[in-house]
>>> print(open('data23.pdb').read())   # PDB, C-alpha atoms
ATOM      1  CA  MET A   1       0.000   0.000   0.000  1.00  0.00           C
ATOM      2  CA  SER A   2       1.429   3.388  -1.008  1.00  0.00           C
ATOM      3  CA  LYS A   3       1.981   6.256   1.434  1.00  0.00           C
ATOM      4  CA  HIS A   4      -0.658   8.237  -0.465  1.00  0.00           C
ATOM      5  CA  GLN A   5      -3.246   5.475  -0.048  1.00  0.00           C
ATOM      6  CA  GLN A   6      -2.393   5.033   3.625  1.00  0.00           C
ATOM      7  CA  PHE A   7      -2.877   8.750   4.226  1.00  0.00           C
ATOM      8  CA  TRP A   8      -6.302   8.911   2.602  1.00  0.00           C
ATOM      9  CA  ASP A   9      -7.575   5.690   4.171  1.00  0.00           C
ATOM     10  CA  ARG A  10      -6.620   7.088   7.586  1.00  0.00           C
ATOM     11  CA  GLU A  11      -8.109  10.485   6.759  1.00  0.00           C
ATOM     12  CA  TYR A  12     -11.496   9.013   5.824  1.00  0.00           C
ATOM     13  CA  LYS A  13     -11.520   7.234   9.179  1.00  0.00           C
ATOM     14  CA  THR A  14     -10.277  10.086  11.379  1.00  0.00           C
ATOM     15  CA  SER A  15     -10.451  13.460   9.492  1.00  0.00           C
ATOM     16  CA  GLU A  16      -7.173  14.268  11.236  1.00  0.00           C
ATOM     17  CA  TYR A  17      -5.948  16.920   8.783  1.00  0.00           C
ATOM     18  CA  LEU A  18      -8.869  17.865   6.548  1.00  0.00           C
ATOM     19  CA  MET A  19     -12.526  18.715   7.033  1.00  0.00           C
ATOM     20  CA  LEU A  20     -14.226  16.290   4.645  1.00  0.00           C
ATOM     21  CA  SER A  21     -17.589  17.652   3.557  1.00  0.00           C
ATOM     22  CA  ASP A  22     -20.641  15.807   2.256  1.00  0.00           C
ATOM     23  CA  GLU A  23     -21.735  18.880   0.305  1.00  0.00           C
ATOM     24  CA  PRO A  24     -20.771  19.415  -3.352  1.00  0.00           C
ATOM     25  CA  ALA A  25     -17.822  21.689  -4.039  1.00  0.00           C
ATOM     26  CA  GLU A  26     -18.853  25.302  -4.654  1.00  0.00           C
ATOM     27  CA  ASP A  27     -16.417  25.494  -7.563  1.00  0.00           C
ATOM     28  CA  LEU A  28     -18.185  22.581  -9.254  1.00  0.00           C
ATOM     29  CA  GLU A  29     -21.561  24.246  -8.784  1.00  0.00           C
ATOM     30  CA  LYS A  30     -20.118  27.389 -10.366  1.00  0.00           C
ATOM     31  CA  PHE A  31     -18.819  25.322 -13.309  1.00  0.00           C
ATOM     32  CA  CYS A  32     -22.291  23.847 -13.817  1.00  0.00           C
ATOM     33  CA  ARG A  33     -23.826  27.320 -13.817  1.00  0.00           C
ATOM     34  CA  PHE A  34     -21.268  28.322 -16.456  1.00  0.00           C
ATOM     35  CA  LEU A  35     -22.249  25.363 -18.631  1.00  0.00           C
ATOM     36  CA  GLU A  36     -25.953  26.081 -18.260  1.00  0.00           C
ATOM     37  CA  ARG A  37     -25.527  29.787 -18.930  1.00  0.00           C
ATOM     38  CA  ASN A  38     -23.529  29.173 -22.110  1.00  0.00           C
ATOM     39  CA  HIS A  39     -24.939  25.859 -23.388  1.00  0.00           C
ATOM     40  CA  GLY A  40     -28.265  25.290 -21.682  1.00  0.00           C
ATOM     41  CA  LYS A  41     -28.700  21.662 -20.623  1.00  0.00           C
ATOM     42  CA  LYS A  42     -26.614  20.276 -23.499  1.00  0.00           C
ATOM     43  CA  TYR A  43     -23.976  18.928 -21.090  1.00  0.00           C
ATOM     44  CA  LEU A  44     -26.199  18.682 -18.020  1.00  0.00           C
ATOM     45  CA  ASN A  45     -28.713  15.942 -18.743  1.00  0.00           C
ATOM     46  CA  VAL A  46     -29.470  12.231 -18.514  1.00  0.00           C
ATOM     47  CA  THR A  47     -27.227  11.378 -21.474  1.00  0.00           C
ATOM     48  CA  THR A  48     -24.157  12.920 -19.833  1.00  0.00           C
ATOM     49  CA  ARG A  49     -21.466  10.593 -18.506  1.00  0.00           C
ATOM     50  CA  VAL A  50     -19.044  12.068 -15.990  1.00  0.00           C
ATOM     51  CA  LEU A  51     -15.771  10.640 -14.677  1.00  0.00           C
ATOM     52  CA  ASP A  52     -14.501  11.890 -11.311  1.00  0.00           C
ATOM     53  CA  LEU A  53     -10.773  11.274 -10.805  1.00  0.00           C
ATOM     54  CA  GLY A  54     -10.433  11.362  -7.037  1.00  0.00           C
ATOM     55  CA  CYS A  55     -14.116  11.073  -6.158  1.00  0.00           C
ATOM     56  CA  GLY A  56     -13.544  10.593  -2.419  1.00  0.00           C
ATOM     57  CA  ASN A  57     -16.863  10.127  -0.632  1.00  0.00           C
ATOM     58  CA  GLY A  58     -18.776  10.665  -3.879  1.00  0.00           C
ATOM     59  CA  ARG A  59     -20.211  14.064  -2.964  1.00  0.00           C
ATOM     60  CA  ASN A  60     -19.653  15.706  -6.362  1.00  0.00           C
ATOM     61  CA  LEU A  61     -20.906  12.760  -8.417  1.00  0.00           C
ATOM     62  CA  ILE A  62     -23.964  12.486  -6.189  1.00  0.00           C
ATOM     63  CA  TYR A  63     -24.701  16.167  -6.789  1.00  0.00           C
ATOM     64  CA  LEU A  64     -24.433  15.804 -10.577  1.00  0.00           C
ATOM     65  CA  VAL A  65     -26.570  12.674 -10.677  1.00  0.00           C
ATOM     66  CA  GLN A  66     -29.275  13.990  -8.356  1.00  0.00           C
ATOM     67  CA  ASN A  67     -29.523  17.433  -9.946  1.00  0.00           C
ATOM     68  CA  TYR A  68     -28.972  16.677 -13.622  1.00  0.00           C
ATOM     69  CA  GLY A  69     -29.618  12.953 -14.010  1.00  0.00           C
ATOM     70  CA  MET A  70     -26.078  12.200 -15.161  1.00  0.00           C
ATOM     71  CA  ARG A  71     -24.399   8.795 -15.021  1.00  0.00           C
ATOM     72  CA  GLY A  72     -21.195   8.707 -12.988  1.00  0.00           C
ATOM     73  CA  VAL A  73     -17.900   6.838 -12.729  1.00  0.00           C
ATOM     74  CA  GLY A  74     -15.668   7.489  -9.740  1.00  0.00           C
ATOM     75  CA  TYR A  75     -12.048   6.559  -9.076  1.00  0.00           C
ATOM     76  CA  ASP A  76     -10.316   7.057  -5.753  1.00  0.00           C
ATOM     77  CA  ILE A  77      -7.114   5.690  -4.288  1.00  0.00           C
ATOM     78  CA  SER A  78      -8.785   5.221  -0.909  1.00  0.00           C
ATOM     79  CA  GLY A  79     -10.792   2.066  -0.386  1.00  0.00           C
ATOM     80  CA  GLU A  80     -12.262   3.673   2.731  1.00  0.00           C
ATOM     81  CA  GLY A  81     -13.465   6.640   0.696  1.00  0.00           C
ATOM     82  CA  ILE A  82     -15.033   4.345  -1.879  1.00  0.00           C
ATOM     83  CA  LYS A  83     -16.896   2.433   0.851  1.00  0.00           C
ATOM     84  CA  ILE A  84     -18.419   5.694   2.085  1.00  0.00           C
ATOM     85  CA  ALA A  85     -19.299   6.738  -1.472  1.00  0.00           C
ATOM     86  CA  LYS A  86     -21.048   3.466  -2.207  1.00  0.00           C
ATOM     87  CA  ARG A  87     -23.135   3.703   0.955  1.00  0.00           C
ATOM     88  CA  ALA A  88     -24.118   7.278   0.113  1.00  0.00           C
ATOM     89  CA  SER A  89     -24.985   6.449  -3.507  1.00  0.00           C
ATOM     90  CA  ALA A  90     -27.292   3.484  -3.111  1.00  0.00           C
ATOM     91  CA  GLU A  91     -29.633   3.161  -6.105  1.00  0.00           C
ATOM     92  CA  LEU A  92     -27.840   5.935  -8.047  1.00  0.00           C
ATOM     93  CA  PRO A  93     -26.249   5.212 -11.469  1.00  0.00           C
ATOM     94  CA  ILE A  94     -22.661   5.596 -10.247  1.00  0.00           C
ATOM     95  CA  VAL A  95     -19.890   3.009 -10.537  1.00  0.00           C
ATOM     96  CA  TYR A  96     -16.981   3.377  -8.124  1.00  0.00           C
ATOM     97  CA  THR A  97     -13.523   1.804  -8.270  1.00  0.00           C
ATOM     98  CA  ALA A  98     -10.782   1.947  -5.657  1.00  0.00           C
ATOM     99  CA  ARG A  99      -7.652   2.599  -7.719  1.00  0.00           C
ATOM    100  CA  THR A 100      -4.909   5.081  -8.446  1.00  0.00           C
ATOM    101  CA  ILE A 101      -5.351   7.531 -11.313  1.00  0.00           C
ATOM    102  CA  GLU A 102      -1.922   6.580 -12.631  1.00  0.00           C
ATOM    103  CA  GLY A 103      -1.813   4.517 -15.820  1.00  0.00           C
ATOM    104  CA  THR A 104      -4.667   3.685 -18.161  1.00  0.00           C
ATOM    105  CA  ILE A 105      -8.238   4.827 -17.518  1.00  0.00           C
ATOM    106  CA  ASP A 106     -10.455   1.753 -17.884  1.00  0.00           C
ATOM    107  CA  MET A 107     -12.930   3.334 -20.290  1.00  0.00           C
ATOM    108  CA  PRO A 108     -13.328   3.328 -24.093  1.00  0.00           C
ATOM    109  CA  ASP A 109     -12.229   6.142 -26.376  1.00  0.00           C
ATOM    110  CA  HIS A 110     -14.652   9.086 -26.609  1.00  0.00           C
ATOM    111  CA  SER A 111     -16.959   7.671 -23.930  1.00  0.00           C
ATOM    112  CA  VAL A 112     -17.104  10.528 -21.397  1.00  0.00           C
ATOM    113  CA  ASP A 113     -18.704  13.984 -21.589  1.00  0.00           C
ATOM    114  CA  ILE A 114     -17.147  15.551 -18.476  1.00  0.00           C
ATOM    115  CA  VAL A 115     -14.016  14.690 -16.478  1.00  0.00           C
ATOM    116  CA  LEU A 116     -13.374  16.088 -12.996  1.00  0.00           C
ATOM    117  CA  ASP A 117      -9.806  16.440 -11.727  1.00  0.00           C
ATOM    118  CA  MET A 118     -10.379  18.365  -8.531  1.00  0.00           C
ATOM    119  CA  MET A 119      -7.399  18.595  -6.181  1.00  0.00           C
ATOM    120  CA  THR A 120      -6.235  15.166  -7.291  1.00  0.00           C
ATOM    121  CA  SER A 121      -3.463  15.061  -9.893  1.00  0.00           C
ATOM    122  CA  HIS A 122      -1.145  17.386  -7.954  1.00  0.00           C
ATOM    123  CA  PHE A 123       0.022  14.227  -6.157  1.00  0.00           C
ATOM    124  CA  LEU A 124       1.398  12.886  -9.447  1.00  0.00           C
ATOM    125  CA  ARG A 125       4.890  13.380 -10.806  1.00  0.00           C
ATOM    126  CA  GLU A 126       5.428  15.221 -14.096  1.00  0.00           C
ATOM    127  CA  LYS A 127       5.446  12.163 -16.390  1.00  0.00           C
ATOM    128  CA  GLU A 128       2.400  10.766 -14.584  1.00  0.00           C
ATOM    129  CA  ARG A 129       0.522  14.060 -15.010  1.00  0.00           C
ATOM    130  CA  GLU A 130       1.318  14.035 -18.712  1.00  0.00           C
ATOM    131  CA  ALA A 131       0.117  10.434 -19.058  1.00  0.00           C
ATOM    132  CA  LEU A 132      -3.118  11.284 -17.227  1.00  0.00           C
ATOM    133  CA  ARG A 133      -3.738  14.290 -19.477  1.00  0.00           C
ATOM    134  CA  ASN A 134      -3.360  12.030 -22.513  1.00  0.00           C
ATOM    135  CA  GLU A 135      -5.780   9.478 -21.064  1.00  0.00           C
ATOM    136  CA  ILE A 136      -8.331  12.208 -20.309  1.00  0.00           C
ATOM    137  CA  LEU A 137      -8.060  13.362 -23.920  1.00  0.00           C
ATOM    138  CA  ARG A 138      -8.579   9.808 -25.118  1.00  0.00           C
ATOM    139  CA  VAL A 139     -11.752   9.099 -23.140  1.00  0.00           C
ATOM    140  CA  LEU A 140     -13.352  12.532 -23.605  1.00  0.00           C
ATOM    141  CA  LYS A 141     -15.756  12.999 -26.464  1.00  0.00           C
ATOM    142  CA  PRO A 142     -14.934  15.774 -28.946  1.00  0.00           C
ATOM    143  CA  GLY A 143     -16.304  18.953 -27.389  1.00  0.00           C
ATOM    144  CA  GLY A 144     -16.240  17.346 -23.927  1.00  0.00           C
ATOM    145  CA  TRP A 145     -15.114  19.163 -20.783  1.00  0.00           C
ATOM    146  CA  LEU A 146     -12.368  18.814 -18.197  1.00  0.00           C
ATOM    147  CA  PHE A 147     -12.998  20.686 -14.946  1.00  0.00           C
ATOM    148  CA  PHE A 148      -9.558  21.042 -13.377  1.00  0.00           C
ATOM    149  CA  LYS A 149      -8.824  22.419  -9.918  1.00  0.00           C
ATOM    150  CA  SER A 150      -5.465  22.525  -8.175  1.00  0.00           C
ATOM    151  CA  PHE A 151      -3.093  24.601  -6.065  1.00  0.00           C
ATOM    152  CA  LEU A 152      -1.908  27.952  -7.467  1.00  0.00           C
ATOM    153  CA  ALA A 153       1.620  29.075  -6.603  1.00  0.00           C
ATOM    154  CA  GLU A 154       1.390  32.765  -7.449  1.00  0.00           C
ATOM    155  CA  GLU A 155       0.965  35.131  -4.491  1.00  0.00           C
ATOM    156  CA  ASP A 156       0.686  32.236  -2.020  1.00  0.00           C
ATOM    157  CA  MET A 157       2.970  32.698   0.981  1.00  0.00           C
ATOM    158  CA  HIS A 158       2.463  29.079   2.080  1.00  0.00           C
ATOM    159  CA  VAL A 159       3.702  27.792  -1.283  1.00  0.00           C
ATOM    160  CA  LYS A 160       6.713  30.098  -1.273  1.00  0.00           C
ATOM    161  CA  ARG A 161       7.761  28.687   2.094  1.00  0.00           C
ATOM    162  CA  LEU A 162       7.093  25.055   1.143  1.00  0.00           C
ATOM    163  CA  LEU A 163       9.082  25.318  -2.083  1.00  0.00           C
ATOM    164  CA  LYS A 164      11.983  26.938  -0.244  1.00  0.00           C
ATOM    165  CA  GLU A 165      12.089  24.693   2.828  1.00  0.00           C
ATOM    166  CA  ASN A 166      10.854  21.334   1.453  1.00  0.00           C
ATOM    167  CA  PRO A 167      11.605  21.219  -2.287  1.00  0.00           C
ATOM    168  CA  ALA A 168      11.007  18.038  -4.245  1.00  0.00           C
ATOM    169  CA  ASP A 169      13.163  16.928  -7.167  1.00  0.00           C
ATOM    170  CA  GLU A 170      10.853  18.497  -9.784  1.00  0.00           C
ATOM    171  CA  LYS A 171      10.070  22.123 -10.594  1.00  0.00           C
ATOM    172  CA  ASP A 172       7.242  23.800  -8.619  1.00  0.00           C
ATOM    173  CA  SER A 173       6.923  20.766  -6.340  1.00  0.00           C
ATOM    174  CA  TYR A 174       7.631  20.025  -2.676  1.00  0.00           C
ATOM    175  CA  ILE A 175       7.309  17.307  -0.046  1.00  0.00           C
ATOM    176  CA  HIS A 176       4.651  18.316   2.453  1.00  0.00           C
ATOM    177  CA  PRO A 177       6.424  18.500   5.836  1.00  0.00           C
ATOM    178  CA  GLU A 178       3.499  17.118   7.858  1.00  0.00           C
ATOM    179  CA  LEU A 179       1.981  14.662   5.402  1.00  0.00           C
ATOM    180  CA  GLY A 180       5.217  13.456   3.828  1.00  0.00           C
ATOM    181  CA  LEU A 181       3.547  13.522   0.401  1.00  0.00           C
ATOM    182  CA  TYR A 182       4.717  14.950  -2.909  1.00  0.00           C
ATOM    183  CA  GLU A 183       2.629  17.899  -4.144  1.00  0.00           C
ATOM    184  CA  HIS A 184       2.834  20.008  -7.301  1.00  0.00           C
ATOM    185  CA  VAL A 185       1.666  23.622  -7.645  1.00  0.00           C
ATOM    186  CA  TRP A 186       0.828  25.557 -10.801  1.00  0.00           C
ATOM    187  CA  THR A 187       1.423  29.015 -12.171  1.00  0.00           C
ATOM    188  CA  GLY A 188      -0.701  30.647 -14.848  1.00  0.00           C
ATOM    189  CA  GLU A 189       2.159  30.148 -17.295  1.00  0.00           C
ATOM    190  CA  SER A 190       2.664  26.463 -16.508  1.00  0.00           C
ATOM    191  CA  LEU A 191      -1.078  25.775 -16.834  1.00  0.00           C
ATOM    192  CA  HIS A 192      -1.066  27.255 -20.335  1.00  0.00           C
ATOM    193  CA  GLU A 193       2.054  25.301 -21.272  1.00  0.00           C
ATOM    194  CA  PHE A 194       0.568  22.047 -20.000  1.00  0.00           C
ATOM    195  CA  PHE A 195      -2.946  22.283 -21.460  1.00  0.00           C
ATOM    196  CA  SER A 196      -3.118  24.732 -24.371  1.00  0.00           C
ATOM    197  CA  ALA A 197      -1.752  22.395 -27.062  1.00  0.00           C
ATOM    198  CA  ASP A 198      -4.565  19.876 -26.477  1.00  0.00           C
ATOM    199  CA  PHE A 199      -7.455  21.796 -24.919  1.00  0.00           C
ATOM    200  CA  MET A 200      -9.304  25.038 -25.436  1.00  0.00           C
ATOM    201  CA  ILE A 201      -9.002  27.008 -22.182  1.00  0.00           C
ATOM    202  CA  GLU A 202     -12.466  28.518 -21.780  1.00  0.00           C
ATOM    203  CA  LYS A 203     -12.112  30.105 -18.346  1.00  0.00           C
ATOM    204  CA  ILE A 204      -9.709  30.404 -15.414  1.00  0.00           C
ATOM    205  CA  GLU A 205     -10.933  31.190 -11.877  1.00  0.00           C
ATOM    206  CA  ARG A 206      -8.361  32.071  -9.195  1.00  0.00           C
ATOM    207  CA  SER A 207      -9.113  32.131  -5.477  1.00  0.00           C
ATOM    208  CA  PHE A 208      -8.187  35.223  -3.470  1.00  0.00           C
ATOM    209  CA  LYS A 209      -8.788  34.274   0.187  1.00  0.00           C
ATOM    210  CA  HIS A 210      -5.159  33.376   0.846  1.00  0.00           C
ATOM    211  CA  ILE A 211      -4.129  36.278   3.103  1.00  0.00           C
ATOM    212  CA  ARG A 212      -5.832  37.643   6.231  1.00  0.00           C
ATOM    213  CA  ASP A 213      -4.489  40.661   8.087  1.00  0.00           C
ATOM    214  CA  GLY A 214      -1.280  40.436   6.061  1.00  0.00           C
ATOM    215  CA  LYS A 215      -0.605  36.834   7.109  1.00  0.00           C
ATOM    216  CA  PRO A 216      -0.921  33.507   5.227  1.00  0.00           C
ATOM    217  CA  TRP A 217      -4.390  32.017   5.579  1.00  0.00           C
ATOM    218  CA  LYS A 218      -5.991  29.658   3.078  1.00  0.00           C
ATOM    219  CA  ARG A 219      -4.062  27.939   0.313  1.00  0.00           C
ATOM    220  CA  ARG A 220      -4.605  29.554  -3.074  1.00  0.00           C
ATOM    221  CA  THR A 221      -6.343  27.470  -5.766  1.00  0.00           C
ATOM    222  CA  VAL A 222      -7.145  27.760  -9.452  1.00  0.00           C
ATOM    223  CA  SER A 223     -10.076  26.280 -11.390  1.00  0.00           C
ATOM    224  CA  VAL A 224      -9.782  25.856 -15.147  1.00  0.00           C
ATOM    225  CA  TYR A 225     -12.615  25.080 -17.582  1.00  0.00           C
ATOM    226  CA  LEU A 226     -11.045  23.107 -20.424  1.00  0.00           C
ATOM    227  CA  ARG A 227     -12.716  21.835 -23.572  1.00  0.00           C
ATOM    228  CA  LYS A 228     -11.524  19.151 -25.957  1.00  0.00           C
ATOM    229  CA  PRO A 229     -11.653  20.461 -29.550  1.00  0.00           C
ATOM    230  CA  PHE A 230     -14.290  19.048 -31.876  1.00  0.00           C
TER     231      PHE A 230
END
>>> encode(input="data23.pdb", output="structure tokens")
Amino acid sequence: MSKHQQFWDREYKTSEYLMLSDEPAEDLEKFCRFLERNHGKKYLNVTTRVLDLGCGNGRNLIYLVQNYGMRGVGYDISGEGIKIAKRASAELPIVYTARTIEGTIDMPDHSVDIVLDMMTSHFLREKEREALRNEILRVLKPGGWLFFKSFLAEEDMHVKRLLKENPADEKDSYIHPELGLYEHVWTGESLHEFFSADFMIEKIERSFKHIRDGKPWKRRTVSVYLRKPF
């Protein structure tokens, strides 16, 4: 069992480090409002298939299925998280698998309308992130969407300290001093370099609640709405 899996299995049992919510992520709700505002229910209906990479307790898939009638597929490295998700999703059209997001996605080409990578792939190394991006491209239908959320390095005092005091062996990456886990952070430039050759970048949302009274507070995040070309 990997250190990453051990951490998340323990976290789903104890919530030692993170407050794990049962409510859908606000950023996902905002993404859905964006889709509805610009495309009506074209991507928010009973024919939509969504893949959540790092589904955790299933909260975001449950929201999409209950509110829009979608069909869901969820991957998570934590078997404990998947157990919780299955209990919470009884009778819903969601299939969960306890597995890493490294390697091949077990789905056919052009079989998914929406992929969620929300605070998940930053645990992967550079080559693994590139392989995942290629797999997402493969399974997404032409015109399909990737909702991507991760840590943003720019103007984040926490990140500046972590990169200085606990650097990993890859650019813009560190080893978390408390968790002992590898984490990658993005800049606006690196996001464009990583995604723009394969995706249309439709919108970028940056968080701003990272400083309070001149001191570091919340970690800064970025949400990117990415579309596979037709």
>>> resolve_selection(input="data23.pdb", expression="the PyMOL selection byres ((chain A and resi 207) around 12)", output="list of chain:residue names")
A:Glu26, A:Asp27, A:Lys149, A:Ser150, A:Phe151, A:Leu152, A:Ala153, A:Glu154, A:Glu155, A:Asp156, A:Ile204, A:Glu205, A:Arg206, A:Phe208, A:Lys209, A:His210, A:Ile211, A:Lys218, A:Arg219, A:Arg220, A:Thr221, A:Val222, A:Ser223, A:Val224
>>> write_last_selection(input="data23.pdb", atoms="C-alpha atoms", output="PDB file, keeping the file's coordinate frame")
ATOM      1  CA  GLU A  26     -18.853  25.302  -4.654  1.00  0.00           C
ATOM      2  CA  ASP A  27     -16.417  25.494  -7.563  1.00  0.00           C
ATOM      3  CA  LYS A 149      -8.824  22.419  -9.918  1.00  0.00           C
ATOM      4  CA  SER A 150      -5.465  22.525  -8.175  1.00  0.00           C
ATOM      5  CA  PHE A 151      -3.093  24.601  -6.065  1.00  0.00           C
ATOM      6  CA  LEU A 152      -1.908  27.952  -7.467  1.00  0.00           C
ATOM      7  CA  ALA A 153       1.620  29.075  -6.603  1.00  0.00           C
ATOM      8  CA  GLU A 154       1.390  32.765  -7.449  1.00  0.00           C
ATOM      9  CA  GLU A 155       0.965  35.131  -4.491  1.00  0.00           C
ATOM     10  CA  ASP A 156       0.686  32.236  -2.020  1.00  0.00           C
ATOM     11  CA  ILE A 204      -9.709  30.404 -15.414  1.00  0.00           C
ATOM     12  CA  GLU A 205     -10.933  31.190 -11.877  1.00  0.00           C
ATOM     13  CA  ARG A 206      -8.361  32.071  -9.195  1.00  0.00           C
ATOM     14  CA  PHE A 208      -8.187  35.223  -3.470  1.00  0.00           C
ATOM     15  CA  LYS A 209      -8.788  34.274   0.187  1.00  0.00           C
ATOM     16  CA  HIS A 210      -5.159  33.376   0.846  1.00  0.00           C
ATOM     17  CA  ILE A 211      -4.129  36.278   3.103  1.00  0.00           C
ATOM     18  CA  LYS A 218      -5.991  29.658   3.078  1.00  0.00           C
ATOM     19  CA  ARG A 219      -4.062  27.939   0.313  1.00  0.00           C
ATOM     20  CA  ARG A 220      -4.605  29.554  -3.074  1.00  0.00           C
ATOM     21  CA  THR A 221      -6.343  27.470  -5.766  1.00  0.00           C
ATOM     22  CA  VAL A 222      -7.145  27.760  -9.452  1.00  0.00           C
ATOM     23  CA  SER A 223     -10.076  26.280 -11.390  1.00  0.00           C
ATOM     24  CA  VAL A 224      -9.782  25.856 -15.147  1.00  0.00           C
TER      25      VAL A 224
END
>>> closest_residue(input="data23.pdb", among="A:Glu91, A:Leu64, A:Gly58, A:Tyr43", to="Asp76 in chain A", atoms="only C-alpha atoms")
A:Gly58
>>> residues_around(input="data23.pdb", residues="range 129-142 of chain A", least_positions_apart="6", cutoff="6 Å", atoms="only C-alpha atoms", output="ChimeraX atom specification")
/A:109-113,228-230
>>> residues_around(input="data23.pdb", residues="Ser78 in chain A", least_positions_apart="3", cutoff="12 Å", atoms="all atoms listed in the file", output="PDB file with C-alpha atoms, in the frame of the given file")
ATOM      1  CA  MET A   1       0.000   0.000   0.000  1.00  0.00           C
ATOM      2  CA  SER A   2       1.429   3.388  -1.008  1.00  0.00           C
ATOM      3  CA  LYS A   3       1.981   6.256   1.434  1.00  0.00           C
ATOM      4  CA  HIS A   4      -0.658   8.237  -0.465  1.00  0.00           C
ATOM      5  CA  GLN A   5      -3.246   5.475  -0.048  1.00  0.00           C
ATOM      6  CA  GLN A   6      -2.393   5.033   3.625  1.00  0.00           C
ATOM      7  CA  PHE A   7      -2.877   8.750   4.226  1.00  0.00           C
ATOM      8  CA  TRP A   8      -6.302   8.911   2.602  1.00  0.00           C
ATOM      9  CA  ASP A   9      -7.575   5.690   4.171  1.00  0.00           C
ATOM     10  CA  ARG A  10      -6.620   7.088   7.586  1.00  0.00           C
ATOM     11  CA  GLU A  11      -8.109  10.485   6.759  1.00  0.00           C
ATOM     12  CA  TYR A  12     -11.496   9.013   5.824  1.00  0.00           C
ATOM     13  CA  LYS A  13     -11.520   7.234   9.179  1.00  0.00           C
ATOM     14  CA  LEU A  53     -10.773  11.274 -10.805  1.00  0.00           C
ATOM     15  CA  GLY A  54     -10.433  11.362  -7.037  1.00  0.00           C
ATOM     16  CA  CYS A  55     -14.116  11.073  -6.158  1.00  0.00           C
ATOM     17  CA  GLY A  56     -13.544  10.593  -2.419  1.00  0.00           C
ATOM     18  CA  ASN A  57     -16.863  10.127  -0.632  1.00  0.00           C
ATOM     19  CA  GLY A  58     -18.776  10.665  -3.879  1.00  0.00           C
ATOM     20  CA  GLY A  74     -15.668   7.489  -9.740  1.00  0.00           C
ATOM     21  CA  TYR A  75     -12.048   6.559  -9.076  1.00  0.00           C
ATOM     22  CA  GLY A  81     -13.465   6.640   0.696  1.00  0.00           C
ATOM     23  CA  ILE A  82     -15.033   4.345  -1.879  1.00  0.00           C
ATOM     24  CA  LYS A  83     -16.896   2.433   0.851  1.00  0.00           C
ATOM     25  CA  ILE A  84     -18.419   5.694   2.085  1.00  0.00           C
ATOM     26  CA  ALA A  85     -19.299   6.738  -1.472  1.00  0.00           C
ATOM     27  CA  TYR A  96     -16.981   3.377  -8.124  1.00  0.00           C
ATOM     28  CA  THR A  97     -13.523   1.804  -8.270  1.00  0.00           C
ATOM     29  CA  ALA A  98     -10.782   1.947  -5.657  1.00  0.00           C
ATOM     30  CA  ARG A  99      -7.652   2.599  -7.719  1.00  0.00           C
ATOM     31  CA  THR A 100      -4.909   5.081  -8.446  1.00  0.00           C
ATOM     32  CA  ILE A 101      -5.351   7.531 -11.313  1.00  0.00           C
TER      33      ILE A 101
END
>>> closest_residue(input="data23.pdb", among="A:Glu193, A:Trp145, A:Glu80, A:Ala168", to="Leu226 in chain A", atoms="all atoms listed in the file")
A:Trp145
